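Structure file work.cif with mmCIF, C-alpha atoms and all ligand atoms:
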data_entry
#
loop_
_atom_site.label_atom_id
_atom_site.label_comp_id
_atom_site.auth_asym_id
_atom_site.auth_seq_id
_atom_site.Cartn_x
_atom_site.Cartn_y
_atom_site.Cartn_z
CA MET N 261 59.52 126.56 135.77
CA ILE N 262 61.42 123.23 135.58
CA ASN N 263 61.28 121.27 138.78
CA SER N 264 64.51 119.93 140.19
CA PRO N 265 64.44 116.21 138.99
CA ASN N 266 63.61 117.46 135.45
CA LYS N 267 66.36 120.03 135.68
CA LYS N 268 68.81 117.22 136.53
CA VAL N 269 67.68 115.22 133.46
CA VAL N 270 68.08 118.28 131.18
CA ILE N 271 71.59 118.98 132.54
CA THR N 272 72.68 115.30 132.25
CA THR N 273 71.31 115.06 128.70
CA GLY N 274 73.06 118.33 127.80
CA ILE N 275 76.40 117.12 129.16
CA SER N 276 76.03 113.75 127.36
CA LEU N 277 75.27 115.51 124.06
CA LEU N 278 78.26 117.80 124.57
CA LEU N 279 80.54 114.81 125.21
CA ILE N 280 79.26 112.98 122.10
CA VAL N 281 79.70 116.05 119.89
CA SER N 282 83.24 116.77 121.18
CA GLY N 283 84.10 113.04 120.75
CA LEU N 284 82.92 113.19 117.12
CA LEU N 285 84.93 116.38 116.53
CA VAL N 286 88.12 114.77 117.91
CA LEU N 287 87.53 111.71 115.67
CA LYS N 288 86.98 113.93 112.61
CA PHE N 289 90.19 115.83 113.41
CA ARG N 290 92.18 112.60 113.73
CA VAL N 291 90.86 111.23 110.42
CA GLY N 292 91.67 114.59 108.81
CA VAL N 293 95.25 114.49 110.09
CA ARG N 294 95.65 110.91 108.83
CA GLN N 295 94.31 111.90 105.38
CA GLN N 296 96.89 114.67 105.13
CA GLU N 297 99.77 112.29 105.89
CA THR N 298 102.15 112.22 102.92
CA SER N 299 103.15 108.91 101.32
CA LYS N 300 106.68 109.48 102.61
CA ALA N 301 105.45 109.94 106.20
CA PHE N 302 103.17 106.91 105.84
CA ILE N 303 106.04 104.72 104.60
CA ASP N 304 108.29 105.97 107.44
CA ARG N 305 105.55 105.12 109.98
CA MET N 306 104.91 101.75 108.33
CA TYR N 307 108.57 100.78 108.49
CA GLN N 308 109.51 102.28 111.85
CA SER N 309 110.03 98.80 113.34
CA ILE N 310 110.56 96.81 110.12
CA THR N 311 114.10 96.54 108.76
CA GLY N 312 115.88 94.31 106.26
CA PHE N 313 119.43 94.89 107.38
CA LYS N 314 120.05 91.78 109.52
CA ILE N 315 119.49 88.24 108.25
CA PRO N 316 120.69 84.84 109.58
CA LYS N 317 124.01 83.36 108.42
CA GLU N 318 122.37 80.59 106.38
CA GLU N 319 120.49 83.18 104.32
CA LYS N 320 123.74 85.02 103.60
CA VAL N 321 125.08 81.69 102.25
CA GLN N 322 121.89 81.24 100.20
CA LEU N 323 122.36 84.70 98.65
CA LYS N 324 126.02 84.03 97.86
CA GLU N 325 125.09 80.77 96.12
CA ALA N 326 122.52 82.70 94.07
CA GLY N 327 125.19 85.16 92.89
CA ALA N 328 124.60 88.10 95.23
CA SER N 329 126.48 89.43 98.21
CA SER N 330 124.56 89.72 101.48
CA THR N 331 125.28 93.46 101.87
CA TYR N 332 121.95 95.23 102.22
CA GLY N 333 120.90 98.76 101.40
CA GLU N 334 117.88 100.67 100.16
CA ILE N 335 117.17 103.44 97.72
CA LEU N 336 115.91 106.54 99.58
CA PHE N 337 112.36 107.84 99.05
CA ASP N 338 113.47 111.14 97.48
CA SER N 339 115.92 109.42 95.14
CA LEU N 340 113.31 106.98 93.87
CA LYS N 341 110.87 109.88 93.51
CA ILE N 342 113.25 111.66 91.10
CA ILE N 343 113.42 108.53 88.92
CA LEU N 344 109.66 107.90 89.08
CA ASP N 345 108.87 111.51 88.13
CA ASP N 346 111.04 111.13 85.02
CA LEU N 347 109.60 107.72 84.09
CA GLN N 348 106.03 109.08 84.02
CA LEU N 349 104.39 105.74 84.78
CA THR N 350 100.76 105.20 83.76
CA ASP N 351 97.92 102.89 84.76
CA GLN N 352 99.13 100.48 82.04
CA ASP N 353 102.47 99.93 83.77
CA VAL N 354 103.49 96.83 85.72
CA PHE N 355 106.39 97.36 88.13
CA TYR N 356 108.77 94.72 89.54
CA ASP N 357 111.49 95.26 92.12
CA LEU N 358 113.96 92.39 91.61
CA GLY N 359 115.45 91.90 95.07
CA SER N 360 112.84 93.89 96.96
CA GLY N 361 114.18 93.54 100.51
CA VAL N 362 111.39 94.54 102.90
CA GLY N 363 109.37 95.99 100.01
CA LYS N 364 109.79 99.75 100.59
CA SER N 365 110.31 100.64 96.92
CA VAL N 366 107.33 98.52 95.87
CA VAL N 367 105.15 100.30 98.43
CA GLN N 368 106.37 103.71 97.23
CA VAL N 369 105.66 102.92 93.57
CA PHE N 370 102.26 101.48 94.49
CA LEU N 371 101.23 104.50 96.57
CA THR N 372 102.67 107.32 94.50
CA THR N 373 102.22 106.28 90.86
CA PRO N 374 99.20 105.05 88.87
CA VAL N 375 100.73 101.60 88.02
CA LYS N 376 98.17 98.80 87.80
CA LYS N 377 100.46 96.25 89.47
CA ALA N 378 103.51 96.47 91.75
CA VAL N 379 105.45 93.34 92.68
CA GLY N 380 108.52 92.68 94.81
CA ILE N 381 110.56 89.48 94.55
CA GLU N 382 112.93 88.68 97.41
CA LEU N 383 115.07 85.62 98.08
CA SER N 384 115.74 86.06 101.81
CA PRO N 385 112.92 84.46 103.86
CA THR N 386 113.62 86.83 106.78
CA ARG N 387 113.24 89.94 104.62
CA CYS N 388 110.11 88.44 103.02
CA ALA N 389 108.54 87.80 106.42
CA ARG N 390 109.17 91.45 107.36
CA ALA N 391 107.84 92.61 104.00
CA ARG N 392 104.64 90.68 104.73
CA GLN N 393 104.27 92.59 108.03
CA ALA N 394 104.44 95.81 106.01
CA GLU N 395 101.89 94.40 103.54
CA GLN N 396 99.51 93.73 106.46
CA ILE N 397 99.76 97.38 107.55
CA LEU N 398 99.07 98.52 103.98
CA LYS N 399 95.95 96.36 103.80
CA LYS N 400 94.76 97.25 107.31
CA GLU N 401 94.95 100.94 106.44
CA ASP N 402 92.91 100.41 103.24
CA LYS N 403 95.73 101.43 100.93
CA VAL N 404 95.15 98.66 98.38
CA PRO N 405 92.35 99.67 95.97
CA LEU N 406 90.49 96.81 94.26
CA ASP N 407 91.61 97.86 90.76
CA LYS N 408 95.34 97.72 91.61
CA GLU N 409 97.48 94.69 92.41
CA PHE N 410 100.17 94.63 95.11
CA SER N 411 102.32 91.66 95.99
CA LEU N 412 105.55 90.80 97.73
CA CYS N 413 106.75 87.29 96.86
CA GLU N 414 109.46 85.05 98.23
CA GLY N 415 111.66 83.54 95.54
CA ASN N 416 114.52 83.86 93.12
CA PHE N 417 113.78 86.49 90.46
CA LEU N 418 115.58 84.32 87.88
CA GLU N 419 112.82 81.74 88.39
CA THR N 420 109.91 84.20 88.39
CA ASP N 421 107.58 84.92 85.48
CA LEU N 422 108.25 88.55 84.48
CA ASN N 423 106.43 88.52 81.16
CA ASP N 424 103.97 91.29 82.05
CA ALA N 425 106.69 93.67 83.32
CA THR N 426 106.95 97.16 81.82
CA ILE N 427 109.24 98.63 84.50
CA ILE N 428 111.99 96.81 86.37
CA TYR N 429 113.93 98.21 89.31
CA MET N 430 117.05 96.40 90.56
CA GLY N 431 119.12 97.54 93.53
CA SER N 432 121.80 95.49 91.80
CA THR N 433 124.92 96.91 93.48
CA CYS N 434 125.48 93.54 95.18
CA TYR N 435 124.73 91.35 92.11
CA GLN N 436 127.75 89.56 90.67
CA SER N 437 128.45 89.66 86.92
CA GLU N 438 127.04 86.15 86.29
CA LEU N 439 123.77 87.18 87.95
CA MET N 440 123.68 90.44 85.94
CA GLN N 441 124.24 88.39 82.76
CA ALA N 442 121.48 85.91 83.65
CA ILE N 443 118.91 88.60 84.54
CA THR N 444 119.72 90.63 81.40
CA GLU N 445 119.11 87.52 79.26
CA LYS N 446 115.84 86.84 81.10
CA LEU N 447 114.67 90.44 80.67
CA SER N 448 115.57 90.34 76.95
CA ALA N 449 112.94 87.61 76.61
CA VAL N 450 110.13 89.82 77.99
CA PRO N 451 107.72 90.47 75.06
CA ALA N 452 108.92 93.40 72.93
CA GLN N 453 105.46 95.03 72.99
CA ASN N 454 105.88 95.69 76.73
CA ASN N 455 108.53 98.33 75.86
CA LEU N 456 110.31 97.30 79.03
CA ARG N 457 112.36 99.94 80.83
CA ILE N 458 114.97 98.92 83.39
CA VAL N 459 116.36 100.96 86.28
CA SER N 460 119.51 99.33 87.62
CA LEU N 461 122.13 100.44 90.12
CA LYS N 462 124.74 98.47 88.16
CA LYS N 463 125.32 98.75 84.40
CA LEU N 464 123.82 95.92 82.35
CA PRO N 465 126.38 93.73 80.55
CA GLU N 466 126.85 94.29 76.78
CA ASN N 467 123.64 93.35 75.00
CA THR N 468 121.63 94.27 71.92
CA THR N 469 118.16 94.47 73.52
CA PHE N 470 118.49 97.47 75.85
CA GLU N 471 120.08 100.90 75.39
CA LEU N 472 121.18 103.23 78.15
CA ILE N 473 119.04 106.38 78.06
CA LYS N 474 119.83 108.12 81.33
CA GLU N 475 122.27 108.12 84.24
CA TYR N 476 121.93 109.62 87.70
CA ARG N 477 123.94 109.78 90.88
CA LEU N 478 121.47 109.62 93.75
CA PRO N 479 121.68 109.23 97.54
CA MET N 480 121.13 105.69 98.92
CA THR N 481 121.17 104.38 102.49
CA TRP N 482 124.84 103.42 102.05
CA SER N 483 125.87 106.67 100.40
CA LYS N 484 123.69 109.53 101.57
CA LYS N 485 126.06 112.34 100.56
CA LYS N 486 128.05 111.14 97.55
CA GLY N 487 125.25 109.08 96.07
CA SER N 488 125.38 105.97 93.94
CA PRO N 489 125.07 105.60 90.14
CA VAL N 490 121.70 104.68 88.64
CA PHE N 491 121.27 103.54 85.02
CA VAL N 492 118.02 103.67 83.04
CA TYR N 493 117.55 101.51 79.95
CA GLN N 494 114.86 101.16 77.32
CA ARG N 495 114.30 98.54 74.65
CA THR N 496 116.14 99.21 71.41
C1 LIG F 1 120.30 96.18 97.67
S1 LIG F 1 118.95 95.20 98.27
C2 LIG F 1 117.63 96.16 97.58
C3 LIG F 1 116.39 96.35 98.45
C4 LIG F 1 115.24 97.10 97.80
N1 LIG F 1 115.19 96.97 96.37
C5 LIG F 1 115.22 98.57 98.17
O1 LIG F 1 115.82 99.38 97.47
O2 LIG F 1 114.60 98.90 99.20
C6 LIG F 1 119.00 93.79 97.16
C7 LIG F 1 118.10 92.64 97.58
O3 LIG F 1 118.13 91.62 96.58
C8 LIG F 1 117.94 90.37 97.19
N2 LIG F 1 118.36 89.35 96.22
C9 LIG F 1 119.62 89.07 95.79
N3 LIG F 1 119.59 88.10 94.85
C10 LIG F 1 118.29 87.77 94.64
C11 LIG F 1 117.63 86.85 93.78
N4 LIG F 1 118.29 86.07 92.92
N5 LIG F 1 116.26 86.79 93.84
C12 LIG F 1 115.57 87.58 94.70
N6 LIG F 1 116.15 88.46 95.55
C13 LIG F 1 117.50 88.56 95.52
C14 LIG F 1 118.77 90.50 98.46
O4 LIG F 1 118.37 89.60 99.47
C15 LIG F 1 118.48 91.96 98.86
O5 LIG F 1 117.40 92.03 99.77
#
In structure tokens, what does this structure look like?
Amino acid sequence: MINSPNKKVVITTGISLLLIVSGLLVLKFRVGVRQQETSKAFIDRMYQSITGFKIPKEEKVQLKEAGASSTYGEILFDSLKIILDDLQLTDQDVFYDLGSGVGKSVVQVFLTTPVKKAVGIELSPTRCARARQAEQILKKEDKVPLDKEFSLCEGNFLETDLNDATIIYMGSTCYQSELMQAITEKLSAVPAQNNLRIVSLKKLPENTTFELIKEYRLPMTWSKKKGSPVFVYQRT
């Protein structure tokens, strides 16, 4: 027979153990749910309060002076996925988004392909600051493995070293012809052995270094139904 104070201890210990076990089960369930989250859902969650659409007037002027209009838009996850599936990137690839806005495309490439390095270059300080908030979330949630490099940099892509690039993405709809000319010349100087491929929303100007190998029409934030043209080039 258990006397009454001992009985109390046994019951209290039992209840405590039960609470600990159920707490651990809830924790395990939550971690499980998080692990099942798709990259698309993760990116949506990451960016639920981060947007690149509004920037101050002086940054619009800065963009105009650099040869781009201030109109902002993004490629949609499913559209970029179609392109990435066709490109078949490997762990030898280095990806750059030239004009990366808040960095969504860079995050998608980094999370869903085996590239060894993914970089975004963005001129607008406001968009860069927001991209850095996204980068913090990525790091906090342990999404940056030690053997892969992820970076979102503030600057003009015409002044950035792109010599290790193997894949370039440009949401170039808002780039004026002088800027398209300048970036095509810069990309022509990337070492030939990189076999650089370029995905651009605007056709590259006439040149002898890159040939058009594929065209798409894919939905973008500014044209969800009709879609927008996408051009893929490889080195000749
Ligand atoms: C159409 S948005 C593309 C955003 C992003 N690539 C995406 O799809 O989510 C183009 C971006 O290029 C940036 N931009 C324009 N000219 C630039 C330059 N010379 N250097 C760096 N960024 C530039 C703009 O500020 C804008 O954020």
Which residues sit within 7 Å of ligand LIG 1 (chain F), counting all atoms listed in the file, listed as a ChimeraX atom specification? /N:323,326-328,330,332-335,357-365,381-384,387,415-418,430-435
Counting only C-alpha atoms, which residue out of N:Ser309, N:Ile280, N:Lys485, N:Ile303 sits closest to N:Lys403? N:Ile303
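With only C-alpha atoms as the basis for measurement, N:Met440 is the residue among N:Cys388, N:Ile275, N:Val450, N:Met440 that approaches N:Pro465 most closely.
Minimum distance to N:Gln494 across N:Gln308, N:Asn467, N:Thr373, N:Thr420 (counting all atoms listed in the file) occurs at N:Asn467.
Distance annotation: of N:Thr273, N:Asn454, N:Asn266, N:Gln352, the residue with the minimal separation from N:Lys408 is N:Gln352; atom set is all atoms listed in the file.
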Contacts of N:Asp346 at 12 Å or less, counting all atoms listed in the file, minus same-chain residues fewer than 6 places along, as a list in words? Ser339, Leu340, Thr373, Val459, Ile473, Lys474, Glu475, Tyr476 and Val492 of chain N
Save out the residues we just selected, C-alpha atoms, as a PDB file, keeping the file's coordinate frame.
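So the final result, stored in selection_7.pdb, reads:
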ATOM      1  CA  SER N 339     115.920 109.420  95.140  1.00  0.00           C
ATOM      2  CA  LEU N 340     113.310 106.980  93.870  1.00  0.00           C
ATOM      3  CA  THR N 373     102.220 106.280  90.860  1.00  0.00           C
ATOM      4  CA  VAL N 459     116.360 100.960  86.280  1.00  0.00           C
ATOM      5  CA  ILE N 473     119.040 106.380  78.060  1.00  0.00           C
ATOM      6  CA  LYS N 474     119.830 108.120  81.330  1.00  0.00           C
ATOM      7  CA  GLU N 475     122.270 108.120  84.240  1.00  0.00           C
ATOM      8  CA  TYR N 476     121.930 109.620  87.700  1.00  0.00           C
ATOM      9  CA  VAL N 492     118.020 103.670  83.040  1.00  0.00           C
TER      10      VAL N 492
END
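With only C-alpha atoms as the atoms that count, the residue of N:Ala378, N:Ala449, N:Ile443, N:Val404 with the shortest distance to N:Asp353 is N:Ala378.
Pairwise distance (atom CA of N:Val369, atom CA of N:Asp407) equals 15.2 Å.
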Here's a test: counting all atoms listed in the file, identify every protein, DNA and RNA residue with an atom at most 6 Å from (99.1, 103.5, 86.4) in the file's coordinate frame, and state them as a PyMOL selection string. chain N and resi 349-353+374-376
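What separates atom CA of N:Asp424 from atom CA of N:Arg392 is a distance of 22.7 Å.
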So which residues touch N:Asn455 within 12 Å, counting all atoms listed in the file, skipping near sequence neighbours fewer than 6 positions away, as a VMD selection string? chain N and resid 352 to 354 423 to 428 447 to 449 469 to 471 493 to 496
Can you work out which one of N:Thr386, N:Thr444, N:Ser483, N:Ser437 has the shortest atom-to-atom distance to N:Lys314, counting all atoms listed in the file? N:Thr386
Between atom CA of N:Thr311 and atom CA of N:Lys377, what is the distance in Å, rounded to a tenth? 23.6 Å
Given the point (101.1, 95.4, 105.7) in the file's coordinates, find the residues that have an atom at most 12 Å from it, counting all atoms listed in the file, and give them as JSON, numbers by chain. {"N": [302, 303, 305, 306, 307, 310, 362, 363, 364, 367, 388, 389, 390, 391, 392, 393, 394, 395, 396, 397, 398, 399, 400, 401, 402, 403, 404, 410, 411, 412]}
